[in-house]
>>> print(open('final-v9.cif').read())   # mmCIF, C-alpha atoms
data_query
#
loop_
_atom_site.label_atom_id
_atom_site.label_comp_id
_atom_site.auth_asym_id
_atom_site.auth_seq_id
_atom_site.Cartn_x
_atom_site.Cartn_y
_atom_site.Cartn_z
CA MET A 168 2.06 -25.83 7.54
CA PRO A 169 -0.70 -23.67 9.01
CA ILE A 170 -4.08 -22.98 7.46
CA TYR A 171 -4.75 -19.27 6.92
CA GLU A 172 -8.14 -17.66 6.44
CA TYR A 173 -8.58 -14.91 3.85
CA ARG A 174 -11.49 -12.61 3.04
CA CYS A 175 -12.01 -10.55 -0.12
CA GLU A 176 -12.65 -6.88 0.66
CA GLN A 177 -14.69 -6.38 -2.52
CA CYS A 178 -17.05 -9.34 -2.67
CA GLY A 179 -16.76 -10.76 0.88
CA HIS A 180 -15.70 -14.24 -0.30
CA GLN A 181 -13.92 -16.22 2.44
CA LEU A 182 -11.43 -19.03 1.89
CA GLU A 183 -8.87 -21.10 3.75
CA ILE A 184 -5.45 -21.82 2.29
CA LEU A 185 -2.74 -24.19 3.52
CA GLN A 186 0.51 -22.28 3.07
CA LYS A 187 3.85 -21.41 4.64
CA ILE A 188 4.13 -18.36 6.87
CA ASN A 189 6.40 -16.61 4.33
CA ASP A 190 4.18 -17.24 1.31
CA PRO A 191 2.62 -14.11 -0.23
CA VAL A 192 -1.09 -13.33 -0.11
CA PRO A 193 -2.81 -15.19 -2.96
CA ASN A 194 -4.08 -13.03 -5.82
CA PRO A 195 -6.59 -12.61 -7.43
CA CYS A 196 -9.75 -13.44 -5.48
CA PRO A 197 -11.08 -16.78 -6.81
CA ALA A 198 -14.69 -15.52 -6.73
CA CYS A 199 -14.57 -12.03 -8.28
CA GLN A 200 -11.03 -12.02 -9.74
CA ALA A 201 -10.16 -8.69 -8.01
CA ASP A 202 -6.42 -8.09 -7.59
CA HIS A 203 -5.00 -7.39 -4.11
CA ALA A 204 -8.41 -7.66 -2.44
CA LEU A 205 -7.68 -10.64 -0.17
CA LYS A 206 -6.78 -9.85 3.45
CA ARG A 207 -5.62 -12.36 6.05
CA GLN A 208 -8.06 -12.84 8.91
CA VAL A 209 -7.05 -13.22 12.54
CA SER A 210 -8.30 -16.49 13.97
CA ALA A 211 -7.45 -18.64 16.95
CA PRO A 212 -5.72 -21.93 16.26
CA GLN A 213 -7.68 -24.99 17.29
CA PHE A 214 -6.04 -28.31 17.90
CA LYS A 215 -6.33 -31.19 20.30
CA LEU A 216 -3.48 -33.39 21.44
CA LYS A 217 -4.52 -37.02 21.08
CA GLY A 218 -2.74 -40.26 21.67
CA THR A 219 -0.63 -41.73 24.42
CA GLY A 220 1.67 -39.46 26.34
CA TRP A 221 -0.56 -36.37 26.34
CA TYR A 222 -2.39 -35.63 29.54
CA GLU A 223 -4.87 -32.94 30.43
CA THR A 224 -2.76 -31.81 33.38
CA ASP A 225 0.60 -31.57 31.58
CA PHE A 226 0.56 -27.84 30.96
CA LYS A 227 -1.59 -26.57 33.79
CA THR A 228 -0.07 -24.38 36.49
CA PRO A 229 -0.30 -25.58 40.08
CA LYS A 230 -2.90 -24.07 42.36
CA LYS A 231 -1.81 -21.20 44.60
CA ASP A 232 -2.36 -23.10 47.86
CA GLN A 233 -0.23 -26.00 46.60
CA THR A 234 2.50 -23.62 45.48
CA SER A 235 2.64 -21.77 48.79
CA ALA A 236 2.86 -25.05 50.72
CA THR A 237 5.68 -26.24 48.49
CA GLU A 238 7.52 -22.93 48.80
CA LYS A 239 7.23 -23.03 52.59
CA SER A 240 8.69 -26.51 52.82
CA THR A 241 11.61 -25.70 50.50
CA ALA A 242 12.24 -22.42 52.33
CA SER A 243 12.45 -24.19 55.69
CA ASP A 244 14.86 -26.75 54.21
CA LYS A 245 17.19 -24.01 52.99
CA LYS A 246 17.44 -22.09 56.27
CA PRO A 247 20.90 -22.41 57.78
CA ASP A 248 21.11 -23.86 61.26
CA LYS A 249 21.91 -21.24 63.84
CA LYS A 250 24.57 -22.48 66.18
CA THR A 251 25.50 -20.59 69.26
CA ASP A 252 28.83 -20.78 71.05
CA THR A 253 27.54 -20.71 74.61
CA GLU A 254 29.46 -23.75 75.76
#
>>> encode(input="final-v9.cif", output="structure tokens")
Amino acid sequence: MPIYEYRCEQCGHQLEILQKINDPVPNPCPACQADHALKRQVSAPQFKLKGTGWYETDFKTPKKDQTSATEKSTASDKKPDKKTDTE
């Protein structure tokens, strides 16, 4: 389950809550007890893959010069041989 950040619009209190994506916004604010004052904040998720099997290069895209070299070699392999009937 993700951790969501909320901020009270009346008192400015901020809190983090572990909840499902479909769970409703918690009410009231735990600091000032105002109803319907909490608003979900937009924040970037932060995580790090640790352990065996995860590598830094797993999800990186190849460099352009490597891609063009690979494309050239596969393109030359796919060209049909031109045969001429001159014999």
>>> resolve_selection(input="final-v9.cif", expression="the PyMOL selection byres ((chain A and resi 209) around 10)", output="compact mmCIF listing (two decimals) with C-alpha atoms, in the coordinates of the input")
# COMPACT_ATOMS: atom_id res chain seq x y z
CA TYR A 171 -4.75 -19.27 6.92
CA GLU A 172 -8.14 -17.66 6.44
CA TYR A 173 -8.58 -14.91 3.85
CA LYS A 206 -6.78 -9.85 3.45
CA ARG A 207 -5.62 -12.36 6.05
CA GLN A 208 -8.06 -12.84 8.91
CA SER A 210 -8.30 -16.49 13.97
CA ALA A 211 -7.45 -18.64 16.95
CA PRO A 212 -5.72 -21.93 16.26
>>> atom_distance(input="final-v9.cif", atom1="CA of Cys199 in chain A", atom2="CA of Cys178 in chain A")
6.7 Å
>>> residues_near_point(input="final-v9.cif", point="(-11.7, -5.6, 2.8)", cutoff="9 Å", atoms="all atoms listed in the file", output="NGL selection string")
:A and (174-179 or 204-206)
>>> atom_distance(input="final-v9.cif", atom1="CA of Gln186 in chain A", atom2="CA of Thr219 in chain A")
28.9 Å
>>> residues_around(input="final-v9.cif", residues="Met168 in chain A", least_positions_apart="4", cutoff="12 Å", atoms="only C-alpha atoms", output="count of residues only")
7
>>> atom_distance(input="final-v9.cif", atom1="CA of Pro195 in chain A", atom2="CA of Leu182 in chain A")
12.3 Å
